[in-house]
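Working notes for the structure below.
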Amino acid sequence: MKISYNWLKQYIDINSDFEINALSKLLTDCGLEVEGLERVQSVKGGLEGVIIGKVITKESHPNSDHLSITTVDIGQKEPLNIVCGASNVEAGQMVPVAVIGATLYDGDNPFKIKRSKLRGVVSEGMICAEDELGLGNSHDGIMVLDPSAIPGTPAKDYFNLEEDYIIEIGLTPNRSDAISHIGVARDLCAVLNNLENKKKTYKLLIPSVDNFSVDNNENKIDVEIENSNDCPRYSGITISGIKVEESPDWLKKRLESIDIRPVNNIVDITNFVMFETGQPLHSFDTDKIKGNKIIVKKLPKDTPFITLDNIERKLSENDLMICNPEEGMCIAGVFGGIDSGISETTKNIFIESACFDPKTVRKTSKLHSLKTDASFRFERGTDPNITIYALKRAALLIKEICGGNISSDIVDVYPKHIDNKIVNVYYKNIDRLIGKFIDRKTIKNILLSLEIKILNETDEGLKLSVPTYRVDVTREADIIEEVLRIYGYNNIEIPSNVNSTLTYSEKPDKEKINNIISDFLTNNGFYEIMNNSLTKSEYLDKINYYKSENSVKILNPLSKDLNILRQTLLFGGLESIIRNINRKIFNLKFYEFGKSYQLLPENISKENVLSKYSEVKHLSIFITGQKNTNSWKNPEEQLDFYYLKATVNNILKRLGINYKIQEISTEIFSEGLSYSYKKKTITEFGQVSKKILKIFGIKQPVFYADINWDVILENLKFQKTNYKEVSKFPEVRRDLALLIDKKIKFADIKNLAFETEKNILKSVSLFDIYEGDKIDSDKKSYAVNFILQGKNKTLTDKIIDKTMNKFIKVFETKLNARIR
């Protein structure tokens with residue numbers, strides 16, 4: 001929100017009492033955070049270095065037909081010699097002079113006045129035309145001023161240039177009372193009057209409307225409210241015989257200073273009053289109000305309505321409208337209609353000043369994507385008891401600027417009067433919440449300066465009447481907050497002794513572990529996805545793996561596509577994949593942290609109704625398409641099961657998780673593996689079955705891993721990190737080619753090897769597989785690599801050979817293997 005400092009000074013007499021930066025700090029300290037401060041000048045450069053001068057002499061330039069040599073008195077000891085090219089310069093004239101060092105602007109381009117020679121004659125400045133000063137567009141000659149001007153007067157003083165500061169305030173949504181210049185002035189007045197070293201007592205200067213009077217009753221408009229909950233109050237008045245034209249300069253400057261574009265005098269006055277008081281106003285062309293009646297009501301769904309921006313919008317049945325007996329004229333509190341607005345031919349107007357329900361305005365504004373200055377204020381709540389004042393203020397300004405007569409009494413429909421809120425506050429609670437004893441007189445002065453009335457006082461506390469414009473002050477705690485922000489947060493001393501308690505931090509740090517794995521996957525080219533926890537039950541009708549009776553159903557679902565909580569992250573991931581494939585993105589690597597939900601009827605407990613629900617956190621990983629883009633250097637390579645397996649293994653290795661491996665084949669996976677630890681499944685992963693992919697319309701292979709994150713975190717609680725010194729002795733590699741039955745897995749070989757030798761065996765890996773016509777059909781050949789390394793010494797051939805013989809013997813005995 002932008003506040004003009006010069007405009008603000010109309011409502012509080014601060015003048016030069018405070019430097020602008022000090023004033024900004026006071027505003028920030030009382031809760032109106034100043035986010036920006038900009039100096040604004042009505043003329044670019046502020047005419048710095050431009051002085052009023054008097055032309056003493058004028059002579060023709062000896063080397064030019066169009067230049068003149070002048071001497072100009074600018075109030076100094078010696079006059080200036082200035083070469084001037086204007087044809088209208090004459091001795092005795094009062095003129096604006098830009099002296100050496102002054103900066104003038106040609107549009108946005110600055111140029112500096114320097115001492116120079118023109119055709120051999122020294123020039124010590126420049127006599128200026130009005131366009132050169134930014135005071136007009138004329139360049140017919142120099143600017144000749146009134147003879148009464150005094151030489152040496154700064155031009156900015158002569159032309160009464162206005163310098164302003166624009167204060168950018170970051171207003172919190174609850175402070176609707178401060179969305180105006182008067183609102184900010186009220187808070188500032190309260191702060192200044194409660195400073196310890198205040199210079200004087202400051203008063204809030206609200207413009208008087210005592211001169212308001214009705215001229216006649218020739219143009220009355222009746223008002224009816226059908227939805228009083230959505231419109232608690234509606235006030236209005238007619239003014240006849242006005243003239244719509246350009247606004248006066250002072251009004252345009254006020255609006256332009258806060259970036260509001262002037263339109264015409266009527267619209268500008270309603271905007272001015274809104275930014276002054278915080279009360280939005282709307283003006284109608286009275287001659288376009290059919291039936292001379294306004295009805296505040298809602299219209300049927302999908303009723304077409306053309307707004308001021310010439311866009312036709314379909315209304316919702318919840319949109320509050322300002323109507324005449326035949327049609328809608330304005331979306332209440334949001335935007336006007338094109339058929340009832342003010343035009344150059346408008347002679348008679350009806351001014352609306354109303355109070356609308358914030359929720360209704362907010363919903364309508366969001367539905368139609370219309371954000372206006374009026375809706376911004378109504379959404380936060382306006383004062384129902386300011387409508388008449390704002391109406392009178394606008395009417396007096398219109399009469400003054402636009403002419404015309406007030407041609408009706410004020411019509412004021414106020415079905416249920418909204419009174420001030422009564423709040424009791426106790427001194428002991430003020431002291432307790434603030435943490436400091438504040439003098440009771442100071443507390444009362446603060447409350448009174450905020451226009452909060454004291455109805456009754458006892459030794460224990462106060463009974464207060466809170467004005468209706470403070471929509472956010474409803475409780476004792478709110479009153480205490482008001483006292484504290486005016487008293488000053490910085491005035492609360494930090495206690496010398498701070499007592500604190502130590503809290504146990506749960507290990508492992510769940511967020512830290514999450515971030516470690518997220519960073520790992522992201523660094524390896526995966527994208528994190530976030531899907532809705534709600535999904536559709538239709539999936540469970542097609543997939544038997546997940547039971548419908550275990551679904552947590554939504555009582556009032558938004559749609560059939562969001563009627564149950566997900567039992568798995570699989571469906572959301574596949575939806576994300578097909579969405580990307582449909583947009584020609586075929587190479588995908590996704591991961592998602594999320595929860596799955598199940599209903600477990602067997603766990604129902606009378607003591608704990610939540611016991612029948614299961615909520616488990618998972619990490620899901622999806623890969624599909626190519627591993628890398630095809631190029632001359634890198635041939636096309638598809639993402640496959642082994643890429644997914646390596647990713648899962650690296651995650652578990654990074655976390656130090658041990659596991660046992662088991663092959664699986666389910667309705668979800670056409671082939672895959674399951675890792676478990678202490679009989680708890682850590683992860684299942686593999687290739688998603690074609691049946692599942694067909695349901696989602698996916699035609700390319702997809703590989704999916706489901707990691708039970710809660711089991712991972714549970715294991716990490718007992719996981720210990722052990723340090724092992726890096727061996728300084730060399731590694732030894734030995735290979736064996738084993739002819740074994742097809743049913744034997746590499747894991748059997750690896751586990752058997754580590755059972756046989758635990759001290760010097762470092763790793764076992766498979767580097768070749770052979771199946772073919774050179775061996776029996778029920779056999780396969782594995783080429784296995786063994787890495788051996790001593791901890792305390794270099795391994796000798798004798799030790800190595802002995803170890804390898806042990807391996808050969810145990811493989812022959814337990815696996816029926818043959819060495820090739």
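The chains in the structure tokens are called A, B, ... from first to last as shown; in each chain the residues are counted from 1, and the ligands are counted from 1 in the order shown.
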> Could you pull out the strand (DSSP E or B) residues of region 357-449 of chain A from DSSP and send them as a PyMOL selection string?
Replying inline: chain A and resi 405-406+411-413+421-426
>> At a cut-off of 10 Å, using only C-alpha atoms, what residues contact region 168-179 of chain A? Leave out same-chain residues fewer than 4 positions from it and give the result as a ChimeraX atom specification.
In response: /A:1-4,24,27-28,31-38,183-187,258,274-279,376-383,468-473
Surrounding residues of region 535-547 of chain A excluding itself and chain neighbours under 4 positions, 6 Å, only C-alpha atoms, as a CSV table (one decimal) with N, CA, C and O atoms, in the first residue's frame:
chain,number,residue,atom,x,y,z
A,561,ASP,N,-13.4,-38.6,-8.8
A,561,ASP,CA,-11.9,-38.7,-9.0
A,561,ASP,C,-11.1,-38.5,-7.7
A,561,ASP,O,-9.9,-38.7,-7.7
A,562,LEU,N,-11.8,-38.0,-6.7
A,562,LEU,CA,-11.1,-37.7,-5.4
A,562,LEU,C,-11.9,-38.2,-4.3
A,562,LEU,O,-12.2,-37.4,-3.3
A,563,ASN,N,-12.3,-39.5,-4.3
A,563,ASN,CA,-13.2,-39.9,-3.3
A,563,ASN,C,-12.6,-40.9,-2.2
A,563,ASN,O,-13.3,-41.3,-1.3
A,564,ILE,N,-11.3,-41.2,-2.4
A,564,ILE,CA,-10.6,-42.0,-1.3
A,564,ILE,C,-9.2,-41.5,-1.1
A,564,ILE,O,-8.7,-40.8,-2.0
A,566,ARG,N,-5.3,-42.3,-0.9
A,566,ARG,CA,-4.5,-43.3,-1.6
A,566,ARG,C,-3.9,-44.3,-0.7
A,566,ARG,O,-3.4,-44.1,0.4
>> Can you pull out the residues contacting Glu400 (chain A)? Cut-off 12 Å, using only C-alpha atoms, and skip same-chain residues under 5 positions away; I want them as a ChimeraX atom specification.
In response: /A:211-212,239,242-243,247-248,265-266,269,393-395,405-406
>> So that I can check the secondary structure, give me every residue of region 539-645 of chain A assigned alpha helix (DSSP H) by backbone DSSP, as a ChimeraX atom specification.
In response: /A:539-542,570-581,641-645
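What separates CA of Val121 (chain A) from CA of Glu59 (chain A) is a distance of 12.0 Å.
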